[in-house]
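Participant: The structure file structure-v4.tsv (TSV, C-alpha atoms) is provided below.
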chain	number	residue	atom	x	y	z
A	82	MET	CA	0.00	0.00	0.00
A	83	LYS	CA	1.36	3.41	-1.00
A	84	ILE	CA	0.56	6.37	1.23
A	85	VAL	CA	1.52	10.04	0.90
A	86	GLY	CA	2.13	11.81	4.21
A	87	LEU	CA	2.12	15.57	4.75
A	88	MET	CA	3.31	17.57	7.74
A	89	SER	CA	3.21	21.26	8.61
A	90	GLY	CA	4.40	21.89	12.15
A	91	THR	CA	4.32	24.62	14.75
A	92	SER	CA	7.15	26.47	12.99
A	93	TYR	CA	4.80	26.89	9.97
A	94	ASP	CA	7.72	27.41	7.59
A	95	GLY	CA	6.51	24.95	4.97
A	96	VAL	CA	5.11	21.48	4.35
A	97	ASP	CA	7.09	18.25	4.32
A	98	VAL	CA	5.78	15.60	1.96
A	99	VAL	CA	6.76	11.94	1.75
A	100	ALA	CA	5.67	8.83	-0.07
A	101	ALA	CA	5.92	5.46	1.63
A	102	GLU	CA	5.11	1.91	0.66
A	103	PHE	CA	3.89	-0.39	3.43
A	104	THR	CA	3.90	-4.19	3.34
A	105	ARG	CA	2.99	-6.49	6.20
A	106	ASP	CA	4.44	-9.90	6.98
A	107	GLY	CA	2.90	-11.30	10.14
A	108	GLU	CA	3.74	-9.01	13.05
A	109	THR	CA	6.23	-6.99	11.01
A	110	LEU	CA	5.24	-3.92	9.03
A	111	THR	CA	7.83	-2.81	6.48
A	112	LEU	CA	8.08	0.81	5.41
A	113	ARG	CA	9.92	1.56	2.18
A	114	PRO	CA	10.62	5.30	1.84
A	115	LEU	CA	9.89	6.40	-1.72
A	116	GLY	CA	11.19	9.94	-1.34
A	117	HIS	CA	10.53	13.23	0.37
A	118	ARG	CA	10.40	16.93	-0.42
A	119	SER	CA	10.06	20.13	1.54
A	120	LEU	CA	7.96	22.93	0.09
A	121	ASP	CA	8.56	26.33	1.67
A	122	TYR	CA	5.63	28.61	2.36
A	123	PRO	CA	5.78	32.03	0.70
A	124	ASP	CA	6.39	34.90	3.09
A	125	ASP	CA	2.84	36.21	2.80
A	126	LEU	CA	1.35	32.83	3.74
A	127	ARG	CA	3.61	32.59	6.77
A	128	ALA	CA	2.48	36.06	7.76
A	129	GLU	CA	-1.16	35.07	7.28
A	130	ILE	CA	-0.73	32.04	9.55
A	131	GLY	CA	1.15	34.06	12.17
A	132	ALA	CA	-1.52	36.76	12.18
A	133	LEU	CA	-4.17	34.18	13.07
A	134	LEU	CA	-2.30	32.32	15.83
A	135	PRO	CA	-2.81	33.06	19.54
A	136	PRO	CA	-2.60	35.44	21.23
A	137	ALA	CA	-3.74	37.41	18.16
A	138	ALA	CA	-7.45	38.07	17.63
A	139	THR	CA	-8.97	36.84	14.38
A	140	THR	CA	-12.22	36.55	12.44
A	141	ILE	CA	-14.19	33.68	10.95
A	142	GLU	CA	-13.47	35.19	7.54
A	143	ALA	CA	-9.72	35.00	8.15
A	144	VAL	CA	-10.04	31.38	9.31
A	145	CYS	CA	-12.06	30.43	6.23
A	146	ARG	CA	-9.65	32.13	3.84
A	147	LEU	CA	-6.61	30.51	5.46
A	148	ASP	CA	-8.29	27.09	5.57
A	149	ASN	CA	-8.83	27.13	1.82
A	150	ARG	CA	-5.47	28.66	0.96
A	151	LEU	CA	-3.70	26.00	3.00
A	152	GLY	CA	-5.85	23.39	1.29
A	153	GLU	CA	-4.52	24.53	-2.07
A	154	VAL	CA	-0.93	24.34	-0.80
A	155	PHE	CA	-1.47	20.88	0.69
A	156	ALA	CA	-3.11	19.77	-2.55
A	157	GLU	CA	0.01	20.70	-4.50
A	158	ALA	CA	2.18	18.97	-1.91
A	159	ALA	CA	0.03	15.85	-2.14
A	160	ALA	CA	0.39	15.87	-5.93
A	161	ALA	CA	4.17	16.03	-5.47
A	162	GLY	CA	3.88	13.08	-3.10
A	163	VAL	CA	1.98	11.05	-5.67
A	164	GLU	CA	4.80	11.72	-8.11
A	165	LEU	CA	7.28	10.45	-5.52
A	166	ALA	CA	5.13	7.33	-5.22
A	167	GLY	CA	5.55	6.62	-8.91
A	168	GLY	CA	2.34	8.24	-10.13
A	169	THR	CA	-0.18	6.35	-8.01
A	170	ALA	CA	-1.05	6.24	-4.33
A	171	ASP	CA	-3.79	4.63	-2.27
A	172	ALA	CA	-4.29	7.45	0.22
A	173	VAL	CA	-3.02	10.80	1.43
A	174	VAL	CA	-2.66	11.80	5.08
A	175	SER	CA	-3.05	15.57	5.47
A	176	PRO	CA	-3.12	16.45	9.19
A	177	GLY	CA	-3.36	20.17	8.44
A	178	GLN	CA	-1.90	23.19	10.16
A	179	THR	CA	-2.67	23.43	13.87
A	180	VAL	CA	-3.92	26.92	14.65
A	181	PHE	CA	-5.34	26.29	18.12
A	182	HIS	CA	-4.93	23.64	20.81
A	183	TRP	CA	-7.44	24.36	23.57
A	184	VAL	CA	-5.95	23.43	26.95
A	185	GLU	CA	-7.56	24.26	30.30
A	186	ALA	CA	-6.07	23.16	33.63
A	187	GLY	CA	-3.94	20.58	31.84
A	188	ARG	CA	-6.89	19.07	29.97
A	189	VAL	CA	-7.36	19.42	26.23
A	190	ARG	CA	-10.88	20.56	25.41
A	191	GLY	CA	-10.48	20.80	21.65
A	192	THR	CA	-8.07	21.26	18.79
A	193	LEU	CA	-8.27	22.91	15.37
A	194	GLN	CA	-6.29	22.20	12.22
A	195	LEU	CA	-6.85	23.96	8.91
A	196	GLY	CA	-6.23	22.70	5.39
A	197	ALA	CA	-9.46	22.06	3.41
A	198	PRO	CA	-9.03	18.29	2.84
A	199	ALA	CA	-11.67	18.29	0.10
A	200	ARG	CA	-9.29	20.38	-2.02
A	201	VAL	CA	-6.56	17.79	-1.49
A	202	ALA	CA	-8.87	14.91	-2.45
A	203	ALA	CA	-10.07	16.79	-5.53
A	204	ARG	CA	-6.47	17.41	-6.65
A	205	VAL	CA	-5.09	13.87	-6.28
A	206	GLY	CA	-8.21	11.71	-6.67
A	207	VAL	CA	-7.61	9.42	-3.68
A	208	PRO	CA	-9.07	9.32	-0.14
A	209	VAL	CA	-7.58	11.85	2.30
A	210	LEU	CA	-7.25	11.27	6.03
A	211	HIS	CA	-7.42	14.45	8.09
A	212	ASP	CA	-8.42	15.78	11.55
A	213	LEU	CA	-6.20	13.19	13.21
A	214	ARG	CA	-6.28	14.61	16.74
A	215	SER	CA	-9.99	14.98	17.50
A	216	ALA	CA	-10.79	11.31	18.12
A	217	ASP	CA	-8.18	11.10	20.86
A	218	VAL	CA	-9.42	14.36	22.40
A	219	ALA	CA	-12.97	12.97	22.38
A	220	ALA	CA	-11.65	9.96	24.31
A	221	GLY	CA	-10.23	12.28	26.98
A	222	GLY	CA	-6.72	12.47	25.55
A	223	GLN	CA	-4.39	15.32	24.73
A	224	GLY	CA	-4.61	14.69	20.98
A	225	ALA	CA	-0.82	15.01	20.96
A	226	PRO	CA	1.80	13.90	20.47
A	227	LEU	CA	0.81	11.29	17.88
A	228	VAL	CA	4.28	10.42	16.58
A	229	PRO	CA	4.96	7.99	19.50
A	230	ALA	CA	2.98	5.32	17.63
A	231	PHE	CA	5.72	5.45	14.97
A	232	ASP	CA	8.52	5.61	17.55
A	233	ALA	CA	7.19	2.66	19.52
A	234	LEU	CA	7.27	0.44	16.44
A	235	LEU	CA	10.64	1.70	15.23
A	236	LEU	CA	12.71	1.66	18.42
A	237	ASP	CA	13.88	-1.56	20.03
A	238	ALA	CA	12.99	-1.32	23.72
A	239	ALA	CA	15.03	-4.45	24.46
A	240	ALA	CA	18.19	-2.45	23.72
A	241	GLY	CA	17.61	-0.41	26.89
A	242	PRO	CA	15.49	2.66	27.64
A	243	ARG	CA	15.61	4.82	24.52
A	244	ALA	CA	14.07	8.12	23.55
A	245	ALA	CA	12.94	9.56	20.26
A	246	LEU	CA	13.18	13.34	20.22
A	247	ASN	CA	11.53	15.68	17.76
A	248	LEU	CA	12.83	19.24	17.62
A	249	GLY	CA	10.22	21.25	15.75
A	250	GLY	CA	8.55	24.37	17.02
A	251	ILE	CA	7.88	22.29	20.13
A	252	ALA	CA	10.20	19.59	21.47
A	253	ASN	CA	8.46	16.30	22.10
A	254	LEU	CA	9.85	13.09	23.52
A	255	THR	CA	8.92	9.41	23.24
A	256	VAL	CA	10.41	6.93	25.73
A	257	VAL	CA	10.36	3.17	25.21
A	258	ALA	CA	11.61	0.66	27.74
A	259	ALA	CA	11.19	-3.09	28.11
A	260	GLY	CA	8.18	-4.02	30.23
A	261	ALA	CA	6.92	-0.43	30.53
A	262	PRO	CA	4.14	1.48	28.77
A	263	VAL	CA	5.22	3.84	26.02
A	264	LEU	CA	5.62	7.37	27.35
A	265	GLY	CA	5.45	10.50	25.24
A	266	TYR	CA	4.76	14.19	25.75
A	267	ASP	CA	5.63	17.72	24.70
A	268	VAL	CA	8.69	18.83	26.68
A	269	GLY	CA	8.51	22.54	25.83
A	270	PRO	CA	9.71	24.91	23.12
A	271	ALA	CA	12.36	23.82	20.65
A	272	ASN	CA	12.35	26.44	17.88
A	273	ALA	CA	9.18	28.32	18.87
A	274	LEU	CA	10.80	30.96	21.08
A	275	LEU	CA	14.06	30.96	19.11
A	276	ASP	CA	12.19	31.80	15.92
A	277	ALA	CA	10.07	34.42	17.68
A	278	ALA	CA	13.25	36.10	18.93
A	279	ALA	CA	14.89	35.92	15.49
A	280	ARG	CA	11.87	37.58	13.87
A	281	ARG	CA	11.71	40.26	16.54
A	282	PHE	CA	15.39	41.13	16.97
A	283	LEU	CA	17.07	39.98	13.74
A	284	ASP	CA	14.19	40.51	11.30
A	285	ARG	CA	14.84	36.96	10.07
A	286	PRO	CA	12.68	33.84	10.25
A	287	CYS	CA	15.31	31.97	12.27
A	288	ASP	CA	18.86	32.04	13.60
A	289	LEU	CA	20.40	30.11	10.71
A	290	ASP	CA	22.66	27.30	11.97
A	291	GLY	CA	22.45	28.82	15.45
A	292	ALA	CA	25.26	31.18	14.46
A	293	ARG	CA	24.07	34.15	16.50
A	294	ALA	CA	23.37	31.96	19.52
A	295	ALA	CA	26.90	30.56	19.26
A	296	ALA	CA	28.25	34.13	19.40
A	297	GLY	CA	26.25	34.99	22.52
A	298	ARG	CA	26.44	34.12	26.21
A	299	VAL	CA	23.71	32.59	28.36
A	300	HIS	CA	21.98	35.19	30.54
A	301	GLU	CA	21.57	33.23	33.77
A	302	ARG	CA	18.87	35.43	35.34
A	303	LEU	CA	16.74	35.28	32.23
A	304	LEU	CA	17.27	31.53	31.98
A	305	ALA	CA	16.10	31.13	35.58
A	306	LEU	CA	12.94	33.12	34.79
A	307	LEU	CA	12.24	30.96	31.76
A	308	LEU	CA	12.85	27.70	33.63
A	309	ALA	CA	10.33	28.76	36.28
A	310	GLU	CA	7.52	28.15	33.74
A	311	PRO	CA	5.02	25.80	35.51
A	312	TYR	CA	4.53	23.70	32.38
A	313	TYR	CA	7.93	22.05	32.82
A	314	ALA	CA	7.03	20.76	36.29
A	315	ALA	CA	3.65	19.36	35.20
A	316	ALA	CA	3.47	15.60	34.96
A	317	PRO	CA	2.61	13.93	31.66
A	318	PRO	CA	0.39	13.36	29.82
A	319	LYS	CA	0.73	16.93	28.62
A	320	SER	CA	0.90	18.86	25.37
A	321	THR	CA	1.55	22.46	24.44
A	322	GLY	CA	2.15	24.76	21.51
A	323	LYS	CA	2.22	28.38	20.47
A	324	GLU	CA	-0.87	29.01	22.57
A	325	LEU	CA	1.69	29.23	25.40
A	326	PHE	CA	5.14	29.72	23.85
A	327	HIS	CA	4.75	32.71	21.56
A	328	GLY	CA	6.34	36.11	21.03
A	329	ARG	CA	4.29	37.89	23.70
A	330	TYR	CA	5.29	35.20	26.22
A	331	LEU	CA	8.92	36.09	25.51
A	332	ASP	CA	8.17	39.82	25.81
A	333	ASP	CA	6.61	39.26	29.24
A	334	ARG	CA	9.71	37.42	30.52
A	335	LEU	CA	12.02	40.12	29.20
A	336	ALA	CA	9.86	42.76	30.87
A	337	ALA	CA	9.99	40.84	34.16
A	338	LEU	CA	13.78	40.72	33.88
A	339	GLY	CA	13.86	44.50	33.81
A	340	GLU	CA	17.10	44.93	31.87
A	341	PRO	CA	18.05	44.82	28.20
A	342	VAL	CA	19.48	41.63	26.73
A	343	ALA	CA	21.60	41.63	23.57
A	344	ALA	CA	20.11	39.67	20.69
A	345	ASP	CA	22.94	37.12	20.59
A	346	ASP	CA	22.70	36.56	24.35
A	347	LEU	CA	18.93	36.13	24.09
A	348	LEU	CA	19.33	33.48	21.38
A	349	ALA	CA	22.05	31.73	23.40
A	350	THR	CA	19.76	31.70	26.43
A	351	LEU	CA	16.79	30.32	24.48
A	352	THR	CA	19.02	27.63	22.96
A	353	GLU	CA	20.14	26.70	26.46
A	354	LEU	CA	16.49	26.60	27.59
A	355	THR	CA	15.61	24.04	24.92
A	356	ALA	CA	18.74	21.96	25.55
A	357	ARG	CA	18.32	22.05	29.34
A	358	THR	CA	14.63	21.09	29.40
A	359	VAL	CA	15.16	18.27	26.91
A	360	ALA	CA	18.24	16.96	28.72
A	361	ASP	CA	16.44	17.09	32.08
A	362	ALA	CA	13.60	15.01	30.63
A	363	CYS	CA	16.01	12.45	29.17
A	364	ASP	CA	17.84	12.18	32.48
A	365	ARG	CA	14.57	11.79	34.37
A	366	HIS	CA	13.68	8.74	32.32
A	367	GLY	CA	17.15	7.21	32.49
A	368	VAL	CA	17.51	6.74	28.75
A	369	THR	CA	20.75	5.49	27.24
A	370	GLU	CA	20.20	6.80	23.72
A	371	VAL	CA	18.33	9.74	22.19
A	372	ILE	CA	17.41	9.57	18.51
A	373	ALA	CA	16.54	13.03	17.21
A	374	ALA	CA	14.64	14.37	14.22
A	375	GLY	CA	13.01	17.61	13.12
A	376	GLY	CA	14.28	20.96	11.95
A	377	GLY	CA	16.22	21.53	15.17
A	378	VAL	CA	18.76	18.84	14.30
A	379	ARG	CA	20.04	21.19	11.58
A	380	ASN	CA	21.06	23.67	14.28
A	381	PRO	CA	24.65	22.69	15.16
A	382	THR	CA	24.69	24.95	18.22
A	383	LEU	CA	21.64	23.25	19.72
A	384	ARG	CA	22.86	19.79	18.79
A	385	ALA	CA	26.29	20.39	20.32
A	386	ARG	CA	24.74	21.62	23.55
A	387	LEU	CA	22.42	18.60	23.76
A	388	ALA	CA	25.30	16.23	23.13
A	389	ALA	CA	27.35	17.92	25.83
A	390	LEU	CA	24.54	17.70	28.38
A	391	GLY	CA	24.05	14.02	27.65
A	392	GLU	CA	27.71	13.07	27.66
A	393	GLY	CA	28.39	10.08	29.87
A	394	ARG	CA	24.68	9.28	30.27
A	395	TRP	CA	23.06	9.07	26.87
A	396	ARG	CA	24.20	9.19	23.25
A	397	LEU	CA	22.64	11.57	20.73
A	398	ARG	CA	21.92	10.24	17.23
A	399	THR	CA	19.53	11.14	14.41
A	400	THR	CA	16.87	9.08	12.67
A	401	ASP	CA	18.94	9.25	9.47
A	402	GLU	CA	20.99	6.40	10.94
A	403	LEU	CA	17.80	4.31	11.05
A	404	GLY	CA	16.87	5.05	7.45
A	405	VAL	CA	14.37	7.81	8.21
A	406	PRO	CA	15.39	11.31	7.05
A	407	ALA	CA	15.38	13.53	10.13
A	408	GLN	CA	13.62	16.37	8.35
A	409	ALA	CA	10.85	14.08	7.08
A	410	LYS	CA	10.30	11.81	10.07
A	411	GLU	CA	6.98	13.32	11.18
A	412	ALA	CA	5.57	13.10	7.66
A	413	TYR	CA	6.53	9.40	7.55
A	414	ALA	CA	4.93	8.98	10.97
A	415	PHE	CA	1.67	10.44	9.67
A	416	ALA	CA	1.84	8.12	6.67
A	417	LEU	CA	2.02	5.24	9.16
A	418	LEU	CA	-1.00	6.62	11.02
A	419	GLY	CA	-2.82	6.59	7.70
A	420	TRP	CA	-1.98	2.90	7.23
A	421	LEU	CA	-3.28	2.14	10.72
A	422	SER	CA	-6.53	4.05	10.23
A	423	TRP	CA	-7.10	2.47	6.82
A	424	HIS	CA	-6.97	-0.94	8.53
A	425	GLY	CA	-9.16	0.13	11.45
A	426	LEU	CA	-6.28	0.13	13.92
A	427	PRO	CA	-5.71	2.75	16.65
A	428	GLY	CA	-2.93	5.26	16.16
A	429	ALA	CA	-3.03	7.06	19.50
A	430	ILE	CA	-1.44	5.47	22.58
A	431	PRO	CA	-3.44	6.04	25.81
A	432	SER	CA	-0.31	5.89	28.00
A	433	VAL	CA	0.97	8.85	25.95
A	434	THR	CA	-2.13	11.00	25.51
A	435	GLY	CA	-4.05	10.05	28.65
A	436	ALA	CA	-7.12	8.94	26.68
A	437	SER	CA	-9.52	6.40	28.15
A	438	ARG	CA	-9.12	4.17	25.11
A	439	ALA	CA	-6.97	3.78	22.03
A	440	ALA	CA	-8.68	5.67	19.22
A	441	VAL	CA	-8.65	5.03	15.49
A	442	LEU	CA	-7.58	8.42	14.21
A	443	GLY	CA	-8.90	10.81	11.64
A	444	SER	CA	-11.77	11.43	9.27
A	445	TRP	CA	-11.76	10.32	5.64
A	446	THR	CA	-12.64	12.60	2.78
A	447	PRO	CA	-13.20	10.34	-0.23
A	448	SER	CA	-12.64	11.23	-3.83
A	449	GLY	CA	-15.53	9.49	-5.52
A	450	PRO	CA	-16.86	6.30	-3.88
A	451	PRO	CA	-15.38	5.59	-0.44
A	452	PHE	CA	-12.48	3.19	-0.71
A	453	ALA	CA	-13.36	0.04	-2.67
A	454	ALA	CA	-17.13	0.57	-2.83
A	455	THR	CA	-18.72	-0.30	-6.16
A	456	PRO	CA	-19.96	2.84	-7.92
A	457	ALA	CA	-23.76	2.92	-8.07
A	458	GLU	CA	-26.14	4.48	-10.54
A	459	PRO	CA	-27.67	7.65	-9.10
A	460	PRO	CA	-31.31	7.25	-7.88
A	461	ARG	CA	-34.06	8.95	-9.84
A	462	ARG	CA	-36.63	9.33	-7.05
A	463	LEU	CA	-37.04	9.06	-3.29
A	464	VAL	CA	-39.87	7.20	-1.58
A	465	VAL	CA	-40.68	7.75	2.09
A	466	VAL	CA	-42.37	4.90	3.92
A	467	PRO	CA	-44.08	5.06	7.34
Here is a file; write its structure as structure tokens.
Facilitator:
Amino acid sequence: MKIVGLMSGTSYDGVDVVAAEFTRDGETLTLRPLGHRSLDYPDDLRAEIGALLPPAATTIEAVCRLDNRLGEVFAEAAAAGVELAGGTADAVVSPGQTVFHWVEAGRVRGTLQLGAPARVAARVGVPVLHDLRSADVAAGGQGAPLVPAFDALLLDAAAGPRAALNLGGIANLTVVAAGAPVLGYDVGPANALLDAAARRFLDRPCDLDGARAAAGRVHERLLALLLAEPYYAAAPPKSTGKELFHGRYLDDRLAALGEPVAADDLLATLTELTARTVADACDRHGVTEVIAAGGGVRNPTLRARLAALGEGRWRLRTTDELGVPAQAKEAYAFALLGWLSWHGLPGAIPSVTGASRAAVLGSWTPSGPPFAATPAEPPRRLVVVP
């Protein structure tokens, strides 16, 4: 079965698209990567997404316009994925762009992703799986993270406690260990605050290669203020996003500090925040190996700091060594979730999300008859019987 997976994360810098072929032999599912691409969003689309995200106010009109514009972008990405698959695919997984994750007192009440799946289905002519988080939320779960289903199948727990780390806008961790339930949760910001600082103080979308952070020094008082965030002390299951870690959040901490901080020192401090919170989580779970993916692995300053913090306790690697491109891992994970949903199998793990049951994820938007249904002649009249 060939499945195209899409992913647009909390950094909203573009969409990653992959094509994967799945074959099953008994208890073993084999994934053959067929290729991946990254399609950057134009500057005006990034601005449109940013203008709608919390804590900004918005309108239903803005939501509708963005939903359909993203749908057109995802449709083109899906078409590129079908090309990677050799011209044909059985399904597309389009999880959409998260614009709001409604959390109250540690409980997720709802979640919203945009991306007009009907436009994707119309473009590629195959069923599209979307809205992957809502079923888990309805079962009392966080609706995130969902990638641990992929990690749990990929990592060998018998080799010792191991962690899969994704460094996107938010850093999330999956921990597998022999004889223990799979654990996974959002640790805190990875690139979210770094990118907010780069936009504010450098007028750039990011600190490329962590160069400015490498030139700065950690501001210890600011770091202490940032580490006092209650989210870090909360027990999993937990999830977060730019509803909490956004530009205004950073402004409030700088205001509380009461003194100016040079841009390079701010970026160095935010890099240390990500590295410290991730390393603390890895140490807490006693892992021996951390296998990283996501855009943050391309930041040598962040990677070097993580490796230094783990030295002597855990080894830092990337998913590239396991055959999964680090930049495309989440898109491959969503392709796997599509395979599971297609076969009626749950994709959310209750020990990760806190749900009362394991949910089969997503809603299907068909293109023509659903799945393998035989096309029928349209009816010519309707009769109502008592």
Participant: By how many Å are atom CA of Asp284 of chain A and atom CA of Asp125 of chain A apart?
Facilitator: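 We find that atom CA of Asp284 of chain A and atom CA of Asp125 of chain A lie 14.8 Å from each other.
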Participant: I'd like to know which of A:Leu338, A:Leu289, A:Val96, A:Ala197 is closest to Asp276 of chain A, using all atoms listed in the file.
Facilitator: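 Closest to Asp276 of chain A, using all atoms listed in the file: A:Leu289.
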Participant: What's the 12 Å shell around Thr358 of chain A, counting all atoms listed in the file, without same-chain residues fewer than 3 positions away, as a ChimeraX atom specification?
Facilitator: /A:251-254,267-271,304-305,307-310,312-314,351-355,361-365,386-387,390-391
Participant: Given all atoms listed in the file, how would the per-residue table for segment 152-245 of chain A near segment 407-426 of chain A read, listing every residue at most 9 Å away with its closest atom pair and distance in Å to one decimal, sorted by chain and number, as a Markdown table?
Facilitator:
| residue | atom | partner | partner_atom | distance |
| --- | --- | --- | --- | --- |
| A:Ala172 | CA | A:Gly419 | CA | 7.7 |
| A:Val173 | CA | A:Gly419 | CA | 7.6 |
| A:Val174 | CA | A:Gly419 | CA | 5.8 |
| A:Ser175 | CA | A:Phe415 | CA | 8.1 |
| A:Pro176 | CA | A:Phe415 | CA | 7.7 |
| A:Val209 | CA | A:Gly419 | CA | 8.9 |
| A:Leu210 | CA | A:Gly419 | CA | 6.7 |
| A:Leu213 | CA | A:Leu418 | CA | 8.7 |
| A:Leu227 | CA | A:Phe415 | CA | 8.3 |
| A:Val228 | CA | A:Ala414 | CA | 5.8 |
| A:Pro229 | CA | A:Ala414 | CA | 8.6 |
| A:Ala230 | CA | A:Leu418 | CA | 7.8 |
| A:Phe231 | CA | A:Ala414 | CA | 5.4 |
| A:Asp232 | CA | A:Ala414 | CA | 8.2 |
Participant: Using only C-alpha atoms, can you tell me which of A:Val205, A:Val184, A:Leu134, A:Ile141 comes closest to Glu153 of chain A?
Facilitator: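 Closest to Glu153 of chain A, using only C-alpha atoms: A:Val205.
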Participant: One decimal, Å: what's the distance from atom CA of Asp97 of chain A over to atom CA of Phe155 of chain A, could you say?
Facilitator: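 Between atom CA of Asp97 of chain A and atom CA of Phe155 of chain A the gap works out to 9.7 Å.
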Participant: Box for segment 178-186 of chain A - axis-aligned, 6 Å on each of the six sides, all listed atoms - centre and size in Å to one decimal, as AutoDock Vina command-line options.
Facilitator:
--center_x -4.7 --center_y 25.0 --center_z 21.9 --size_x 17.7 --size_y 15.8 --size_z 35.5
Participant: Residues within 9 Å of segment 398-400 of chain A, please, as a PyMOL selection string. Count all atoms listed in the file; anything in the same chain fewer than 4 positions from it doesn't count.
Facilitator: chain A and resi 245-246+370-374+378+404-407+410
Participant: Just want the 10 Å neighbourhood of Val342 of chain A, counted on all atoms listed in the file, with same-chain residues fewer than 5 positions away dropped. Output as a list of chain:residue names.
Facilitator: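 Listed by chain and then number, they are A:His300, A:Leu303, A:Leu335, A:Leu347, A:Leu348, A:Thr350.
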Participant: Can you tell me how far atom CA of Asp212 of chain A sits from atom CA of Ser444 of chain A, in Å to one decimal?
Facilitator: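 Computed distance, atom CA of Asp212 of chain A to atom CA of Ser444 of chain A, equals 5.9 Å.
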Participant: Once N, CA, C and O atoms are restored for segment 430-443 of chain A, what would the output be as a compact mmCIF listing (two decimals), in the frame of the given file?
Facilitator:
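File selection.txt, as written:
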# COMPACT_ATOMS: atom_id res chain seq x y z
N ILE A 430 -1.82 6.36 21.49
CA ILE A 430 -1.44 5.47 22.58
C ILE A 430 -1.93 6.08 23.89
O ILE A 430 -1.47 7.16 24.28
N PRO A 431 -2.88 5.44 24.59
CA PRO A 431 -3.44 6.04 25.81
C PRO A 431 -2.41 6.37 26.87
O PRO A 431 -2.56 7.37 27.58
N SER A 432 -1.34 5.58 27.00
CA SER A 432 -0.31 5.89 28.00
C SER A 432 0.45 7.16 27.64
O SER A 432 1.10 7.76 28.50
N VAL A 433 0.34 7.59 26.40
CA VAL A 433 0.97 8.85 25.95
C VAL A 433 0.01 10.02 26.11
O VAL A 433 0.35 11.04 26.69
N THR A 434 -1.20 9.87 25.58
CA THR A 434 -2.13 11.00 25.51
C THR A 434 -3.03 11.11 26.73
O THR A 434 -3.65 12.16 26.94
N GLY A 435 -3.15 10.03 27.50
CA GLY A 435 -4.05 10.05 28.65
C GLY A 435 -5.48 9.74 28.30
O GLY A 435 -6.38 9.90 29.14
N ALA A 436 -5.75 9.27 27.09
CA ALA A 436 -7.12 8.94 26.68
C ALA A 436 -7.61 7.69 27.41
O ALA A 436 -6.83 6.86 27.88
N SER A 437 -8.92 7.56 27.48
CA SER A 437 -9.52 6.40 28.15
C SER A 437 -9.46 5.14 27.29
O SER A 437 -9.65 4.04 27.79
N ARG A 438 -9.21 5.31 26.02
CA ARG A 438 -9.12 4.17 25.11
C ARG A 438 -8.24 4.56 23.93
O ARG A 438 -8.01 5.73 23.67
N ALA A 439 -7.78 3.54 23.23
CA ALA A 439 -6.97 3.78 22.03
C ALA A 439 -7.90 4.07 20.85
O ALA A 439 -8.73 3.23 20.49
N ALA A 440 -7.77 5.24 20.27
CA ALA A 440 -8.68 5.67 19.22
C ALA A 440 -8.11 5.42 17.83
O ALA A 440 -6.91 5.59 17.60
N VAL A 441 -8.98 5.01 16.92
CA VAL A 441 -8.65 5.03 15.49
C VAL A 441 -8.75 6.49 15.06
O VAL A 441 -9.75 7.15 15.32
N LEU A 442 -7.72 6.97 14.42
CA LEU A 442 -7.58 8.42 14.21
C LEU A 442 -8.12 8.89 12.87
O LEU A 442 -8.02 8.18 11.86
N GLY A 443 -8.63 10.10 12.87
CA GLY A 443 -8.90 10.81 11.64
C GLY A 443 -10.29 10.64 11.06
O GLY A 443 -11.08 9.78 11.46
